[in-house]
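Structure data (compact mmCIF, C-alpha atoms and all ligand atoms) from my_file-v4.txt:
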# COMPACT_ATOMS: atom_id res chain seq x y z
CA MET A 58 113.56 89.09 92.03
CA THR A 59 111.61 89.81 88.89
CA ASP A 60 112.60 92.66 86.65
CA ASP A 61 109.31 94.50 86.55
CA LEU A 62 108.44 95.18 90.13
CA TYR A 63 107.00 98.57 89.44
CA PRO A 64 104.60 98.44 86.54
CA VAL A 65 104.48 102.13 85.73
CA GLY A 66 103.60 101.39 82.11
CA ALA A 67 100.36 99.83 83.38
CA ASP A 68 98.80 103.27 83.07
CA SER A 69 97.40 102.46 79.64
CA ARG A 70 93.79 103.34 80.48
CA ASN A 71 94.71 106.93 81.14
CA ASP A 72 93.62 108.54 77.88
CA ASN A 73 95.36 111.90 78.33
CA ARG A 74 98.75 110.66 79.43
CA ASP A 75 101.92 112.12 78.06
CA PRO A 76 102.58 110.72 74.59
CA GLN A 77 106.23 111.73 75.01
CA VAL A 78 106.77 109.05 77.62
CA THR A 79 107.55 105.98 75.58
CA GLU A 80 107.21 102.35 76.50
CA ALA A 81 111.01 102.20 76.49
CA GLU A 82 111.17 104.84 79.18
CA ASN A 83 108.58 102.97 81.18
CA ALA A 84 110.60 99.79 80.87
CA HIS A 85 113.58 101.73 82.17
CA VAL A 86 111.54 102.85 85.17
CA SER A 87 110.40 99.30 85.80
CA SER A 88 113.85 97.85 85.84
CA ALA A 89 115.06 100.63 88.10
CA TRP A 90 112.69 99.33 90.75
CA GLY A 91 113.26 95.68 90.13
CA GLY A 92 117.00 95.27 89.74
CA SER A 93 118.27 93.10 92.56
CA ASP A 94 120.96 95.63 93.45
CA SER A 95 118.45 98.45 93.66
CA ALA A 96 115.67 96.88 95.72
CA PRO A 97 114.29 99.49 98.11
CA VAL A 98 114.54 97.27 101.17
CA LYS A 99 115.85 93.84 101.86
CA GLY A 100 113.45 90.95 101.99
CA GLU A 101 111.17 89.36 99.46
CA GLU A 102 108.29 91.09 97.77
CA ILE A 103 105.09 90.12 99.57
CA LEU A 104 102.54 92.40 97.98
CA ARG A 105 102.42 93.85 94.53
CA VAL A 106 99.63 96.23 93.63
CA GLU A 107 99.23 96.76 89.91
CA ASP A 108 97.20 99.55 88.35
CA LEU A 109 94.50 99.45 91.00
CA THR A 110 91.46 101.56 90.19
CA VAL A 111 88.31 102.05 92.27
CA GLY A 112 85.21 103.90 91.13
CA PHE A 113 81.96 104.51 93.01
CA PRO A 114 78.88 105.02 90.85
CA THR A 115 76.78 107.81 92.42
CA GLU A 116 73.79 109.89 91.34
CA ASP A 117 76.16 112.70 90.38
CA GLY A 118 78.44 110.46 88.34
CA LEU A 119 81.35 108.10 88.84
CA VAL A 120 83.60 109.03 91.77
CA ARG A 121 87.06 108.04 90.52
CA ALA A 122 88.51 107.49 93.97
CA VAL A 123 91.61 105.50 92.93
CA ARG A 124 93.10 105.86 89.45
CA GLY A 125 96.00 103.55 88.80
CA VAL A 126 97.87 102.83 92.00
CA SER A 127 100.89 100.55 91.70
CA TYR A 128 103.52 99.69 94.26
CA SER A 129 105.30 96.76 95.74
CA LEU A 130 105.86 95.99 99.37
CA HIS A 131 108.69 93.87 100.71
CA GLU A 132 109.03 91.85 103.88
CA ARG A 133 109.55 94.12 106.90
CA GLU A 134 109.27 97.28 104.80
CA VAL A 135 107.45 100.35 106.08
CA LEU A 136 105.72 102.08 103.19
CA GLY A 137 104.14 105.44 103.94
CA ILE A 138 101.11 106.44 101.86
CA VAL A 139 100.61 110.17 102.19
CA GLY A 140 98.15 112.70 100.82
CA GLU A 141 95.43 115.14 101.76
CA SER A 142 92.04 113.91 102.87
CA GLY A 143 90.09 112.42 99.96
CA SER A 144 93.12 111.43 97.87
CA GLY A 145 92.21 107.73 97.84
CA LYS A 146 94.51 106.41 100.55
CA SER A 147 91.89 104.53 102.56
CA VAL A 148 89.90 103.32 99.57
CA SER A 149 92.99 101.83 97.93
CA SER A 150 93.75 99.91 101.14
CA MET A 151 90.17 98.85 101.83
CA ALA A 152 90.17 97.35 98.33
CA LEU A 153 93.05 95.08 99.38
CA MET A 154 91.09 93.96 102.41
CA GLY A 155 87.90 93.27 100.45
CA LEU A 156 86.14 95.85 102.63
CA LEU A 157 84.63 98.14 99.98
CA PRO A 158 80.88 98.37 99.43
CA LYS A 159 79.55 95.96 96.78
CA THR A 160 78.80 98.87 94.45
CA ALA A 161 82.50 99.75 94.11
CA LYS A 162 84.03 99.04 90.70
CA VAL A 163 87.51 97.67 91.27
CA THR A 164 90.06 96.83 88.57
CA GLY A 165 93.75 95.93 88.65
CA LYS A 166 95.61 93.38 90.71
CA ALA A 167 96.89 92.99 94.24
CA ILE A 168 99.19 89.99 94.32
CA TYR A 169 99.85 88.74 97.82
CA ARG A 170 102.45 85.96 97.84
CA GLY A 171 101.59 85.03 94.27
CA LYS A 172 97.80 85.20 94.54
CA ASP A 173 95.50 88.04 93.49
CA VAL A 174 93.47 89.06 96.55
CA LEU A 175 91.04 91.03 94.38
CA THR A 176 89.77 87.88 92.66
CA MET A 177 89.76 85.62 95.73
CA SER A 178 86.48 84.24 97.03
CA GLU A 179 84.96 85.99 100.03
CA GLY A 180 85.96 83.03 102.20
CA GLU A 181 89.58 83.24 101.10
CA GLN A 182 89.60 87.00 101.66
CA ARG A 183 88.15 86.54 105.13
CA SER A 184 90.82 84.04 106.09
CA LEU A 185 93.53 86.43 104.90
CA ARG A 186 91.99 89.40 106.64
CA GLY A 187 93.01 89.75 110.25
CA ARG A 188 95.46 86.88 109.90
CA LYS A 189 98.02 87.54 107.17
CA ILE A 190 96.90 91.10 106.42
CA ALA A 191 95.73 93.05 109.45
CA MET A 192 94.37 96.55 109.70
CA ILE A 193 94.54 99.26 112.35
CA PHE A 194 92.00 102.05 111.98
CA GLN A 195 92.04 105.65 113.10
CA ASP A 196 89.23 105.21 115.59
CA PRO A 197 89.58 102.05 117.70
CA MET A 198 86.10 102.57 119.14
CA THR A 199 84.57 101.66 115.77
CA ALA A 200 86.72 98.53 115.54
CA LEU A 201 86.35 97.36 119.15
CA ASN A 202 83.04 95.97 120.35
CA PRO A 203 81.88 97.88 123.45
CA VAL A 204 80.06 94.91 124.98
CA TYR A 205 82.98 92.45 125.08
CA SER A 206 86.07 92.67 127.22
CA ILE A 207 89.40 93.40 125.54
CA GLY A 208 90.57 89.89 126.41
CA ASP A 209 87.52 88.24 124.86
CA GLN A 210 87.96 90.25 121.68
CA LEU A 211 91.62 89.43 121.37
CA ALA A 212 90.97 85.76 122.09
CA GLU A 213 88.17 85.70 119.53
CA ALA A 214 90.51 87.21 116.93
CA VAL A 215 92.79 84.22 117.43
CA ARG A 216 90.06 81.61 117.59
CA SER A 217 88.39 82.80 114.39
CA HIS A 218 91.52 81.69 112.51
CA GLU A 219 92.93 78.93 114.66
CA ALA A 220 91.49 75.95 116.56
CA ILE A 221 92.89 76.58 120.05
CA SER A 222 91.28 76.64 123.48
CA LYS A 223 89.94 79.85 124.95
CA LYS A 224 92.49 79.56 127.73
CA ALA A 225 95.40 79.36 125.27
CA ALA A 226 93.94 82.24 123.25
CA LEU A 227 93.65 84.38 126.40
CA LYS A 228 97.23 83.53 127.25
CA ARG A 229 98.30 84.81 123.85
CA ALA A 230 96.13 87.91 124.32
CA GLU A 231 97.94 88.61 127.58
CA GLU A 232 101.33 88.28 125.88
CA MET A 233 100.21 90.67 123.17
CA LEU A 234 99.00 93.30 125.66
CA ASP A 235 102.39 93.01 127.32
CA LEU A 236 104.12 93.38 123.93
CA VAL A 237 102.26 96.62 123.17
CA GLY A 238 103.19 98.06 126.56
CA ILE A 239 99.97 97.71 128.55
CA PRO A 240 100.86 97.28 132.23
CA GLN A 241 99.35 94.44 134.27
CA PRO A 242 98.06 92.71 131.17
CA SER A 243 96.39 89.79 132.97
CA GLN A 244 94.06 92.22 134.76
CA ARG A 245 93.64 94.53 131.79
CA LEU A 246 92.27 91.62 129.74
CA ARG A 247 89.10 91.89 131.80
CA ASN A 248 88.55 95.57 130.98
CA TYR A 249 86.02 96.84 128.44
CA PRO A 250 87.06 99.29 125.70
CA HIS A 251 85.53 102.29 127.51
CA GLU A 252 87.79 101.58 130.49
CA PHE A 253 90.87 102.19 128.32
CA SER A 254 92.23 105.64 127.41
CA GLY A 255 92.50 106.54 123.71
CA GLY A 256 96.19 105.61 123.61
CA MET A 257 95.54 102.30 125.41
CA ARG A 258 92.75 101.44 122.98
CA GLN A 259 95.07 102.06 120.08
CA ARG A 260 97.64 99.81 121.75
CA ALA A 261 94.94 97.16 122.08
CA MET A 262 94.24 97.56 118.35
CA ILE A 263 97.91 97.01 117.61
CA ALA A 264 97.77 93.88 119.79
CA MET A 265 94.72 92.73 117.83
CA ALA A 266 96.52 93.38 114.53
CA VAL A 267 99.59 91.34 115.43
CA ILE A 268 98.04 88.53 117.46
CA ASN A 269 97.86 86.23 114.44
CA ASP A 270 101.40 86.98 113.31
CA PRO A 271 100.55 88.89 110.12
CA ASP A 272 102.81 89.57 107.13
CA ILE A 273 101.30 92.99 106.52
CA ILE A 274 99.79 95.56 108.86
CA ILE A 275 97.81 98.33 107.21
CA ALA A 276 97.68 101.23 109.67
CA ASP A 277 95.21 103.86 108.45
CA GLU A 278 95.83 107.17 110.25
CA PRO A 279 96.50 105.15 113.42
CA THR A 280 97.35 108.14 115.59
CA THR A 281 95.35 110.99 114.08
CA ALA A 282 92.82 110.99 116.91
CA LEU A 283 95.48 111.08 119.64
CA ASP A 284 97.37 113.97 121.15
CA VAL A 285 100.91 114.59 119.96
CA THR A 286 102.83 112.98 122.82
CA VAL A 287 100.71 109.85 122.77
CA GLN A 288 101.02 109.75 118.95
CA ALA A 289 104.78 109.49 119.16
CA GLN A 290 104.62 106.71 121.76
CA ILE A 291 102.12 104.71 119.73
CA LEU A 292 104.11 105.03 116.51
CA GLU A 293 107.24 103.95 118.30
CA LYS A 294 105.41 100.97 119.73
CA LEU A 295 103.97 100.09 116.34
CA ILE A 296 107.47 99.88 114.84
CA GLU A 297 108.78 97.89 117.81
CA VAL A 298 105.91 95.41 117.56
CA LYS A 299 106.21 95.13 113.77
CA ASP A 300 109.86 94.22 114.21
CA ALA A 301 108.95 91.67 116.89
CA VAL A 302 106.55 89.88 114.54
CA ASN A 303 108.54 90.54 111.33
CA ALA A 304 105.67 92.24 109.54
CA ALA A 305 105.66 94.95 106.87
CA ILE A 306 103.57 98.07 107.38
CA ILE A 307 101.57 100.23 105.02
CA LEU A 308 101.28 103.41 107.04
CA ILE A 309 98.57 105.74 105.78
CA THR A 310 98.64 109.34 106.92
CA HIS A 311 97.86 112.89 105.83
CA ASP A 312 100.83 114.02 107.89
CA LEU A 313 104.22 113.82 106.20
CA GLY A 314 105.87 114.31 109.59
CA VAL A 315 104.53 110.94 110.73
CA VAL A 316 106.30 109.01 107.97
CA ALA A 317 109.52 111.00 108.28
CA GLY A 318 111.12 108.93 110.98
CA MET A 319 109.38 105.68 110.21
CA ALA A 320 108.97 104.76 106.57
CA HIS A 321 111.59 103.33 104.23
CA ASN A 322 109.63 104.48 101.19
CA VAL A 323 106.87 106.97 100.58
CA LEU A 324 104.04 106.98 98.07
CA VAL A 325 102.39 110.39 97.74
CA MET A 326 98.83 110.40 96.43
CA TYR A 327 96.86 113.19 94.83
CA ALA A 328 93.37 112.92 93.37
CA GLY A 329 93.43 109.12 93.41
CA ARG A 330 96.84 108.73 91.79
CA PRO A 331 100.37 108.17 92.99
CA VAL A 332 102.29 111.35 92.17
CA GLU A 333 105.62 110.60 93.83
CA LEU A 334 107.30 107.41 94.99
CA GLY A 335 110.75 107.09 96.43
CA SER A 336 112.82 106.50 99.50
CA THR A 337 111.76 108.64 102.42
CA ASP A 338 115.07 110.51 102.46
CA ASP A 339 115.04 111.35 98.75
CA THR A 340 111.44 112.44 98.90
CA PHE A 341 111.97 114.64 101.95
CA TYR A 342 115.24 116.19 100.94
CA GLY A 343 114.58 116.38 97.22
CA PRO A 344 110.90 116.21 96.30
CA ARG A 345 110.39 116.03 92.56
CA MET A 346 106.67 116.76 92.48
CA PRO A 347 105.46 120.22 93.51
CA TYR A 348 102.56 118.81 95.53
CA THR A 349 105.00 116.95 97.80
CA ALA A 350 107.06 120.11 98.15
CA GLY A 351 103.87 121.93 99.14
CA LEU A 352 103.12 119.31 101.80
CA LEU A 353 106.67 119.66 103.12
CA GLY A 354 106.36 123.44 103.15
CA SER A 355 103.21 123.25 105.23
CA MET A 356 104.84 121.13 107.93
CA PRO A 357 105.76 123.08 111.06
CA SER A 358 109.40 124.03 110.78
CA MET A 359 111.85 122.88 113.42
CA THR A 360 113.56 126.26 113.44
CA GLY A 361 111.41 128.57 115.51
CA ALA A 362 112.17 131.62 113.36
CA ASP A 363 110.47 130.16 110.34
CA SER A 364 107.67 128.27 111.96
CA ARG A 365 104.72 129.68 110.02
CA LEU A 366 102.48 127.08 108.39
CA ARG A 367 102.21 127.58 104.65
CA PRO A 368 99.28 125.59 103.39
CA ILE A 369 98.96 124.86 99.68
CA ASN A 370 96.38 127.29 98.32
CA GLY A 371 93.13 125.87 96.99
CA ALA A 372 91.48 122.51 97.48
CA PRO A 373 91.81 119.08 95.86
CA PRO A 374 89.66 118.63 92.73
CA SER A 375 86.31 116.90 92.47
CA LEU A 376 86.86 113.23 91.69
CA ILE A 377 83.78 113.28 89.47
CA ASN A 378 84.96 116.20 87.30
CA LEU A 379 88.73 116.18 87.30
CA PRO A 380 90.47 119.12 85.65
CA SER A 381 92.13 118.35 82.32
CA GLY A 382 95.86 117.66 82.38
CA CYS A 383 97.63 117.40 85.71
CA PRO A 384 95.00 117.35 88.47
CA PHE A 385 97.26 119.55 90.61
CA ASN A 386 97.57 122.29 87.96
CA PRO A 387 95.00 124.72 89.46
CA ARG A 388 97.10 124.84 92.66
CA CYS A 389 100.58 124.51 91.23
CA PRO A 390 102.95 127.49 91.06
CA LEU A 391 104.91 125.76 88.28
CA ALA A 392 101.96 124.95 86.02
CA THR A 393 102.38 125.57 82.30
CA GLU A 394 100.16 125.08 79.25
CA LYS A 395 101.33 121.48 78.95
CA CYS A 396 100.24 120.84 82.56
CA ARG A 397 96.74 122.02 81.71
CA GLU A 398 96.52 119.67 78.74
CA VAL A 399 98.35 116.44 79.53
CA GLU A 400 98.27 114.40 82.73
CA PRO A 401 101.82 113.34 83.58
CA ILE A 402 102.56 109.75 84.51
CA LEU A 403 105.10 108.53 87.05
CA THR A 404 108.53 108.81 85.50
CA LEU A 405 112.01 108.10 86.80
CA THR A 406 113.74 111.26 88.04
CA ASP A 407 117.42 112.06 88.53
CA HIS A 408 117.35 110.17 91.85
CA HIS A 409 117.84 106.44 91.90
CA ASP A 410 114.46 104.65 92.25
CA HIS A 411 112.60 107.92 92.70
CA LEU A 412 109.56 108.51 90.51
CA ALA A 413 107.44 111.60 90.06
CA ALA A 414 104.36 112.45 88.01
CA CYS A 415 105.32 115.95 86.96
CA HIS A 416 106.24 117.47 83.59
CA HIS A 417 108.64 119.82 85.32
CA TRP A 418 110.36 117.68 87.94
CA ASP A 419 113.68 118.93 86.56
CA ARG A 420 112.83 122.42 87.82
CA MET A 421 112.39 120.93 91.26
CA ALA A 422 115.77 119.23 90.87
CA GLU A 423 117.42 122.55 89.98
CA SER A 424 116.01 124.32 93.01
CA GLU A 425 117.94 124.38 96.27
CA ASP A 426 114.70 124.60 98.25
CA PRO A 427 111.70 123.28 96.31
CA THR A 428 109.32 124.32 99.11
CA ALA A 429 110.23 127.94 98.25
CA PHE A 430 107.90 127.78 95.22
CA PHE A 431 105.05 127.63 97.67
CA ARG A 432 106.53 130.08 100.12
CA ALA A 433 106.82 132.81 97.50
CA GLU A 434 103.25 132.27 96.42
CA SER A 435 101.68 132.32 99.87
CA GLU A 436 103.75 135.26 101.06
CA ASP A 437 102.65 137.31 98.05
CA ALA A 438 99.12 136.48 98.98
CA LEU A 439 99.51 137.77 102.52
N1 LIG A 501 81.34 104.47 99.33
C1 LIG A 501 81.71 105.55 98.68
N2 LIG A 501 80.91 106.12 97.74
C2 LIG A 501 81.28 107.22 97.05
N3 LIG A 501 82.48 107.85 97.23
C3 LIG A 501 83.30 107.33 98.15
C4 LIG A 501 82.99 106.17 98.92
N4 LIG A 501 84.02 105.89 99.75
C5 LIG A 501 84.97 106.85 99.51
N5 LIG A 501 84.53 107.70 98.55
C6 LIG A 501 85.25 108.85 98.01
O1 LIG A 501 86.51 108.38 97.53
C7 LIG A 501 87.49 109.40 97.70
C8 LIG A 501 88.71 108.83 98.37
O2 LIG A 501 88.38 108.53 99.71
P1 LIG A 501 89.43 107.99 100.78
O3 LIG A 501 90.21 106.88 100.19
O4 LIG A 501 88.66 107.69 102.00
O5 LIG A 501 90.37 109.24 101.00
P2 LIG A 501 91.57 109.40 102.05
O6 LIG A 501 91.68 108.15 102.83
O7 LIG A 501 92.77 109.68 101.21
O8 LIG A 501 91.19 110.58 102.88
C9 LIG A 501 86.82 110.54 98.48
O9 LIG A 501 86.45 111.54 97.58
C10 LIG A 501 85.61 109.87 99.08
O10 LIG A 501 84.55 110.79 99.23
S1 LIG A 502 102.75 118.57 85.97
FE1 LIG A 502 102.67 120.78 86.01
S2 LIG A 502 100.87 121.28 87.26
FE2 LIG A 502 101.40 119.15 87.65
S3 LIG A 502 102.70 119.22 89.42
FE3 LIG A 502 104.06 119.25 87.65
S4 LIG A 502 104.40 121.42 87.23
FE4 LIG A 502 102.65 121.30 88.61
MG MG A 503 91.38 107.89 104.90
Before anything else, please render the file you have as structure tokens.
Ligand SMILES: Nc1ncnc2c1ncn2[C@@H]1O[C@H](COP(=O)(O)OP(=O)(O)O)[C@@H](O)[C@H]1O
Ligand code: SF4
Ligand SMILES: [Mg+2]
Amino acid sequence: MTDDLYPVGADSRNDNRDPQVTEAENAHVSSAWGGSDSAPVKGEEILRVEDLTVGFPTEDGLVRAVRGVSYSLHEREVLGIVGESGSGKSVSSMALMGLLPKTAKVTGKAIYRGKDVLTMSEGEQRSLRGRKIAMIFQDPMTALNPVYSIGDQLAEAVRSHEAISKKAALKRAEEMLDLVGIPQPSQRLRNYPHEFSGGMRQRAMIAMAVINDPDIIIADEPTTALDVTVQAQILEKLIEVKDAVNAAIILITHDLGVVAGMAHNVLVMYAGRPVELGSTDDTFYGPRMPYTAGLLGSMPSMTGADSRLRPINGAPPSLINLPSGCPFNPRCPLATEKCREVEPILTLTDHHDHLAACHHWDRMAESEDPTAFFRAESEDAL
């Protein structure tokens, strides 16, 4: 294990960051993530994203979609990336897959098993994609080809990376359909995507993702298009299959509830930046960034008496004209003058290995129920 797994100090391009946060404090944060006795999950680090930024030049100006994302992923880990729509979750993952449009300006590093995928040749990226790093998208219909049978598509996914016969590839496809819980897989191989239900198509996508025995599965809102009961079954299957092939998962979702039972660690994104990173339990039971508390407060409560949804007021900022200071300040019930002037960087909180980008995380720590900050505000507004 290295001693700087989490390069928080890599934020140096951020010109309005908090001058109070010294390099020494950043070093402290780094070692908190890297110490061998404090590793978030067992297993070796397989991916390390360092200060990833993505900008899209447009007629209206530069869309700063991703602004300094850093994390590390370990073998077999499930990392949840959570945030409202437009927070940069998909773009940060597409960058890893080399799937962004050519116009995108990408900086930073994404070290997969010692090699930076961002500077690999297109050929190298292609051979990694779908083999060692696989992706599951929200809408399987856009990823599956309507004119080929499911079996042909699965077999082709194998044969594009491995020199084996079609018969052997179809055999593996059948095993994979069985693994993801599709009954009568040998017959189902002959079906076309439109002959599968939404849940079955997503199972087929999971089969496609794991057929080449990947190290990492990036699942981008994999169940958002499905109804709630099917969602739960698919997520359960995803975890089962990931364990069967020993892969790690980056699970992207706008729904904190989805990561609750599944992820070891959670990265919360807001306006292109990570604003909270910690174990799922710490983040759920003791959020240290008001935005996360707001997301928790807007989840349907389990106790029927208090089941009202409490959305965070306002909308995320424009990524072309970000507000000064903390980008969440126009929506934050705890915002102070400092918040309007200085953008906070991720800093270690009172919890072990739990980082938050908030000047006032200590107020969250003092509160018995941090979601109450949002409750009070929205109830006043009613
Ligand atoms: N090709 C593009 N050109 C310009 N802006 C883009 C492009 N792709 C994504 N964006 C913008 O980048 C931001 C982040 O998008 P995305 O990562 O898809 O958000 P999320 O997945 O969190 O919903 C959004 O504001 C989106 O409009
Ligand atoms: S830095 Fe200030 S505005 Fe931003 S989340 Fe923390 S309290 Fe709210
Ligand atoms: Mg997305």
Residue contacts of Asn378 of chain A (12 Å, all atoms listed in the file) excluding same-chain residues fewer than 2 positions away, as a count of residues only: 14
Expected selection as a PyMOL selection string for ligand MG 503 (chain A) within 10 Å, only C-alpha atoms and all ligand atoms: chain A and resi 139-151+194-195+277-278+309-311
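Look at Arg124 of chain A: the protein and nucleic acid residues within 8 Å of it, using only C-alpha atoms and passing over chain neighbours fewer than 2 places away, are Asp108, Leu109, Thr110, Val111, Arg121, Ala122, Val126, Gly329 and Arg330 of chain A.
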Draw an axis-aligned box tight on the listed atoms of segment 204-220 of chain A, then pad every side by 3 Å and write out centre and edge lengths in Å to one decimal as lines of an AutoDock Vina configuration file.
center_x = 86.5
center_y = 85.4
center_z = 119.9
size_x = 18.9
size_y = 25.0
size_z = 20.7
Test item: residues no farther than 12 Å from ligand LIG 502 (chain A), counting all atoms listed in the file, as a VMD selection string: chain A and resid 74 to 75 326 to 328 331 to 333 344 to 351 380 to 404 413 to 421 427 430 to 431
Same residues, C-alpha atoms, saved as a tab-separated table (two decimals), in the coordinates of the input:
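Output file again.tsv follows:
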chain	number	residue	atom	x	y	z
A	74	ARG	CA	98.75	110.66	79.43
A	75	ASP	CA	101.92	112.12	78.06
A	326	MET	CA	98.83	110.40	96.43
A	327	TYR	CA	96.86	113.19	94.83
A	328	ALA	CA	93.37	112.92	93.37
A	331	PRO	CA	100.37	108.17	92.99
A	332	VAL	CA	102.29	111.35	92.17
A	333	GLU	CA	105.62	110.60	93.83
A	344	PRO	CA	110.90	116.21	96.30
A	345	ARG	CA	110.39	116.03	92.56
A	346	MET	CA	106.67	116.76	92.48
A	347	PRO	CA	105.46	120.22	93.51
A	348	TYR	CA	102.56	118.81	95.53
A	349	THR	CA	105.00	116.95	97.80
A	350	ALA	CA	107.06	120.11	98.15
A	351	GLY	CA	103.87	121.93	99.14
A	380	PRO	CA	90.47	119.12	85.65
A	381	SER	CA	92.13	118.35	82.32
A	382	GLY	CA	95.86	117.66	82.38
A	383	CYS	CA	97.63	117.40	85.71
A	384	PRO	CA	95.00	117.35	88.47
A	385	PHE	CA	97.26	119.55	90.61
A	386	ASN	CA	97.57	122.29	87.96
A	387	PRO	CA	95.00	124.72	89.46
A	388	ARG	CA	97.10	124.84	92.66
A	389	CYS	CA	100.58	124.51	91.23
A	390	PRO	CA	102.95	127.49	91.06
A	391	LEU	CA	104.91	125.76	88.28
A	392	ALA	CA	101.96	124.95	86.02
A	393	THR	CA	102.38	125.57	82.30
A	394	GLU	CA	100.16	125.08	79.25
A	395	LYS	CA	101.33	121.48	78.95
A	396	CYS	CA	100.24	120.84	82.56
A	397	ARG	CA	96.74	122.02	81.71
A	398	GLU	CA	96.52	119.67	78.74
A	399	VAL	CA	98.35	116.44	79.53
A	400	GLU	CA	98.27	114.40	82.73
A	401	PRO	CA	101.82	113.34	83.58
A	402	ILE	CA	102.56	109.75	84.51
A	403	LEU	CA	105.10	108.53	87.05
A	404	THR	CA	108.53	108.81	85.50
A	413	ALA	CA	107.44	111.60	90.06
A	414	ALA	CA	104.36	112.45	88.01
A	415	CYS	CA	105.32	115.95	86.96
A	416	HIS	CA	106.24	117.47	83.59
A	417	HIS	CA	108.64	119.82	85.32
A	418	TRP	CA	110.36	117.68	87.94
A	419	ASP	CA	113.68	118.93	86.56
A	420	ARG	CA	112.83	122.42	87.82
A	421	MET	CA	112.39	120.93	91.26
A	427	PRO	CA	111.70	123.28	96.31
A	430	PHE	CA	107.90	127.78	95.22
A	431	PHE	CA	105.05	127.63	97.67
Surrounding residues of Pro203 of chain A excluding itself and chain neighbours under 3 positions, 12 Å, all atoms listed in the file, as a list in words: Pro197, Met198, Thr199, Ala200, Ser206, Ile207, Asp209, Gln210, Asn248, Tyr249, Pro250, His251, Glu252, Phe253 and Arg258 of chain A
Surrounding residues of segment 223-230 of chain A excluding itself and chain neighbours under 6 positions, 8 Å, only C-alpha atoms, as number ranges by chain: A: 208-209, 211-213, 215-216, 246, 264, 268
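Closest approach to Leu308 of chain A among A:Ala320, A:Leu153, A:Leu352, A:Leu175: A:Ala320, based on only C-alpha atoms.
Protein, DNA and RNA residues at most 10 Å from (102.7, 119.4, 110.3), with all atoms listed in the file, are these: His311, Asp312, Leu313, Gly314, Val315, Leu352, Leu353, Gly354, Ser355, Met356, Pro357, Ser358, Leu366, Arg367 and Pro368 of chain A.
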Shell around Ile307 of chain A at 8 Å using all atoms listed in the file, local window under 4 positions removed, as an MDAnalysis selection string: chainID A and resid 135:138 273:276
Final N, CA and C atoms of segment 226-238 of chain A as a JSON list (two decimals), keeping the file's coordinate frame:
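Resulting contents of rebuild-v7.json:
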[["chain", "number", "residue", "atom", "x", "y", "z"],
["A", 226, "ALA", "N", 94.10, 80.98, 124.00],
["A", 226, "ALA", "CA", 93.94, 82.24, 123.25],
["A", 226, "ALA", "C", 94.08, 83.43, 124.21],
["A", 227, "LEU", "N", 93.53, 83.29, 125.42],
["A", 227, "LEU", "CA", 93.65, 84.38, 126.40],
["A", 227, "LEU", "C", 95.10, 84.57, 126.83],
["A", 228, "LYS", "N", 95.81, 83.47, 126.89],
["A", 228, "LYS", "CA", 97.23, 83.53, 127.25],
["A", 228, "LYS", "C", 97.98, 84.36, 126.19],
["A", 229, "ARG", "N", 97.65, 84.06, 124.91],
["A", 229, "ARG", "CA", 98.30, 84.81, 123.85],
["A", 229, "ARG", "C", 97.89, 86.29, 123.89],
["A", 230, "ALA", "N", 96.62, 86.52, 124.22],
["A", 230, "ALA", "CA", 96.13, 87.91, 124.32],
["A", 230, "ALA", "C", 96.93, 88.66, 125.39],
["A", 231, "GLU", "N", 97.19, 87.99, 126.48],
["A", 231, "GLU", "CA", 97.94, 88.61, 127.58],
["A", 231, "GLU", "C", 99.36, 88.96, 127.11],
["A", 232, "GLU", "N", 99.97, 88.02, 126.40],
["A", 232, "GLU", "CA", 101.33, 88.28, 125.88],
["A", 232, "GLU", "C", 101.34, 89.49, 124.94],
["A", 233, "MET", "N", 100.28, 89.56, 124.14],
["A", 233, "MET", "CA", 100.21, 90.67, 123.17],
["A", 233, "MET", "C", 100.03, 92.01, 123.88],
["A", 234, "LEU", "N", 99.18, 92.05, 124.91],
["A", 234, "LEU", "CA", 99.00, 93.30, 125.66],
["A", 234, "LEU", "C", 100.33, 93.72, 126.29],
["A", 235, "ASP", "N", 101.07, 92.73, 126.75],
["A", 235, "ASP", "CA", 102.39, 93.01, 127.32],
["A", 235, "ASP", "C", 103.31, 93.58, 126.23],
["A", 236, "LEU", "N", 103.27, 92.95, 125.05],
["A", 236, "LEU", "CA", 104.12, 93.38, 123.93],
["A", 236, "LEU", "C", 103.84, 94.84, 123.54],
["A", 237, "VAL", "N", 102.58, 95.24, 123.59],
["A", 237, "VAL", "CA", 102.26, 96.62, 123.17],
["A", 237, "VAL", "C", 102.39, 97.61, 124.33],
["A", 238, "GLY", "N", 102.88, 97.14, 125.47],
["A", 238, "GLY", "CA", 103.19, 98.06, 126.56],
["A", 238, "GLY", "C", 102.03, 98.39, 127.47]]
